[in-house]
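S.K.: Questions regarding the structure given below will be posed in turn.
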Amino acid sequence: MEIRTRFAPSPTGYMHIGNLRTALYEYLIAKKDGGKFILRIEDTDKERYVEGAVDVIYDTLKMTGLNHDEGPDVGGEYGPYIQSERQGLYMEYAQRLIKNGNAYFCFCTKERLDSLKSNSGDGSAFAHYDRHCMNLDHEKIAENLDNNIPYVIRQKMPAEGSTTFEDAVYGSITVDNSELDDQILIKSDGMPTYNFANVVDDHLMNITHVVRGSEYLSSTPKYNLLYDAFGWTAPTYVHLPPVMKDASSKLSKRNGDASFQDLVEKGYIAEAIINYIALLGWSPSDNQEIFTLEELKDKFSISGLSKSPSIFDPVKLTWMNGEYIKAMDFEKYFSFVKPKLEDALKNKGLDLRKIAALLQKRLETLNDVSNMVDFFDELPQYSTELYIHKKMKTTEEIALDSLSACLPVFEAIDSWTETEIHDRLMELIEQKAIKNGQMLWPIRTALSGKATSAGGATELADILGKDETIRRIKKGIELLTK
RNA sequence: GGCCCGUUGGUCAAGCGGUUAAGACACGGCCCUUUCACGGCUGUAACGGGGGUUCGAUUCCCCCACGGGUCACCA
């Protein structure tokens, strides 16, 4: 049978990392075996609907390459793929359950329900619905319906026994039926609850693997009972442990934690984000860590999923992002960095490609660019102490001597290329019989005005150009002379 | 509170009765080197506690502790 998984977000305007990871695993489970990955929008809660949120979902899936085979925007044979457009369907199925005795109308008011909770014997707020409306007779129901008294439809849970289901990650889980509330299937506004819509849609859309967060683990027996009530076969359940912010709290929008969009804005690459989150809760059978989506499709397996929560570690993501930047084809990399460079540099005469090349091995996120290239634009104020470097065996005196010596050499160079600069400088070093660092460190320092820079003396000189190089060397001499 | 789930270094994690308990990130050291970085080598660091079962438990069972989830006309 063809594997079909579905990503079923509700459009609340935000794609958090845990959600995206769920989508990834759903995609991989389907694609690993040539199955279908479906997008379904769960907008049954009118209150929480956020304008434009659906676009965030589309954009994210597109950027990450988790392309869906069916969905509101691409169509498919099981549509519509937006729950609010399927409303009539749910009522029809709920009626079916009423007919076969697995559900019933409930006309209880909000007030009565509330009093139920506060009046519960032990004072706990965890009382189940007392089934007040379960055995209403037909006449009464018809009368209430005729009088337009608001109602909900509730699922009738078995009074005794227990329900067991198999989860692909957590194994066999059993819950006493007495734990199960007669949950609402259809709300008084006519919309289905998530619990009901999910089951109906998953069945109607032929979903074979239901992948979702472990917060649904304890309500899964209710879903199974619903499948049973319809006479349907329940799907394979794959429950996922949460992605945490720290040991005791989940990553969430409330805490202002990073969403996918935030991470992209912070200079992370979509592929790196996907790669990193793939490893949050799943591990391959070997020690590979860097994966393309294609490789992931190949290597992913449900058996590698973990049961315990994992903490999102931005430090490791940053490392991985750096790995992606380093490994990237230069043209692709340049297309990412170019706008950042243009943004950071006012001096439009600089060779952005050369600067970008210097940065590629050093960047961890795209947003590191501005800090690393600022000195190209303008020589910062710096202290002559920078010229003192123990390992390079330099002092301010040596630095002054080296800068003074290289100045005429620079001035004499006609074709300003990196190799030319390098060769002439090496000749000078040989003549003076000094260590490379004693000449090159002072030059690098004079050109950058910083303790560290992306690139050494010759590279910086090449990029800055002859005039600017000479100007900065003179400036260095001036500072050291005082 | 009832029920469900989880617990290997700071973090991600391998392990599925017998291992010197992998690997990665981070951190420290060394090497390379015109700085920083990259790269290479290397070091510190872990089985929550207590009982069983067993010749032998990180691995199996029970209890405890801690953490999380759930008990909505939210998903």
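Please note that chains go A, B, ... in the order of the structure tokens, that every chain numbers its residues from 1, and that ligands are numbered from 1 in the order shown.
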Quick check: residues of chain A within 8 Å of chain B, only C-alpha atoms (C1' of nucleotides), returned as JSON, numbers by chain.
M.R.: {"A": [10, 45, 124, 126, 152, 173, 175, 179, 184, 186, 187, 188, 193, 194, 214, 215, 217, 218, 219, 247, 248, 279, 280, 283, 287, 289, 307, 308, 309, 310, 311, 313, 315, 316, 319, 361, 362, 436, 437, 440, 441, 444, 451, 452, 453, 454, 455, 456, 457]}
S.K.: Going by DSSP on the backbone, which residues of region 219-395 of chain A come out as helix (DSSP H, G or I)? List them as JSON, numbers by chain.
M.R.: {"A": [219, 220, 221, 222, 223, 224, 225, 226, 227, 228, 229, 230, 260, 261, 262, 263, 264, 265, 270, 271, 272, 273, 274, 275, 276, 277, 278, 293, 294, 295, 296, 297, 298, 299, 302, 303, 304, 314, 315, 316, 317, 318, 319, 320, 321, 322, 323, 324, 325, 326, 327, 330, 331, 332, 333, 334, 335, 336, 337, 338, 339, 340, 341, 342, 343, 344, 352, 353, 354, 355, 356, 357, 358, 359, 360, 366, 367, 368, 369, 370, 371, 372, 373, 374, 375, 376, 377, 384, 385, 386, 387]}
S.K.: Please indicate the distance in Å from CA of Gly161 (chain A) to CA of Asp201 (chain A), rounded to one decimal place.
M.R.: 27.5 Å
S.K.: May I ask which of the residues A:Asn321, A:Gln360, A:Asn275, A:Ser415 is the closest one to Phe300 (chain A), counting only C-alpha atoms?
M.R.: A:Asn275
S.K.: Give me the residues within 9 Å of Gly449 (chain A) as a PyMOL selection string, counting only C-alpha atoms (C1' of nucleotides) and dropping any in the same chain fewer than 3 places off.
M.R.: chain A and resi 375+379-383+386+444-446+452-453+476
S.K.: Would you please work out which residue, of B:G49, B:G43, B:G56, B:G17, is nearest to C30 (chain B) when using only C-alpha atoms (C1' of nucleotides)?
M.R.: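 Using only C-alpha atoms (C1' of nucleotides), the shortest distance to C30 (chain B) belongs to B:G43.
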S.K.: Which residues are close to C27 (chain B), i.e. within 12 Å by only C-alpha atoms (C1' of nucleotides), leaving aside same-chain residues fewer than 6 positions away? Reply as a list in words.
M.R.: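 Surrounding residues, per the criterion: G10, G43, U44 and A45 of chain B.
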S.K.: Could you turn the residues from that selection into a file that holds C-alpha atoms (C1' of nucleotides), as an mmCIF file, in the first residue's frame?
M.R.:
```
data_model
loop_
_atom_site.group_PDB
_atom_site.id
_atom_site.type_symbol
_atom_site.label_atom_id
_atom_site.label_comp_id
_atom_site.auth_asym_id
_atom_site.auth_seq_id
_atom_site.Cartn_x
_atom_site.Cartn_y
_atom_site.Cartn_z
ATOM 1 C "C1'" G B 10 26.979 21.056 29.467
ATOM 2 C "C1'" G B 43 42.418 16.091 26.308
ATOM 3 C "C1'" U B 44 38.442 16.937 30.225
ATOM 4 C "C1'" A B 45 33.525 15.094 30.767
#
```
S.K.: Please list as a list in words every residue within 12 Å of Glu2 (chain A), counting only C-alpha atoms (C1' of nucleotides) and excluding residues in the same chain fewer than 6 positions away.
M.R.: Ile29, Ala30, Lys31, Lys32, Asp33, Gly34, Gly35, Lys36, Phe37, Asn206, Ile207, Thr208 and His209 of chain A
S.K.: Looking at A:Val54, A:Ile82, A:Ala168, A:Val337, which one is nearest to Ile355 (chain A), with distances taken over only C-alpha atoms?
M.R.: A:Val337
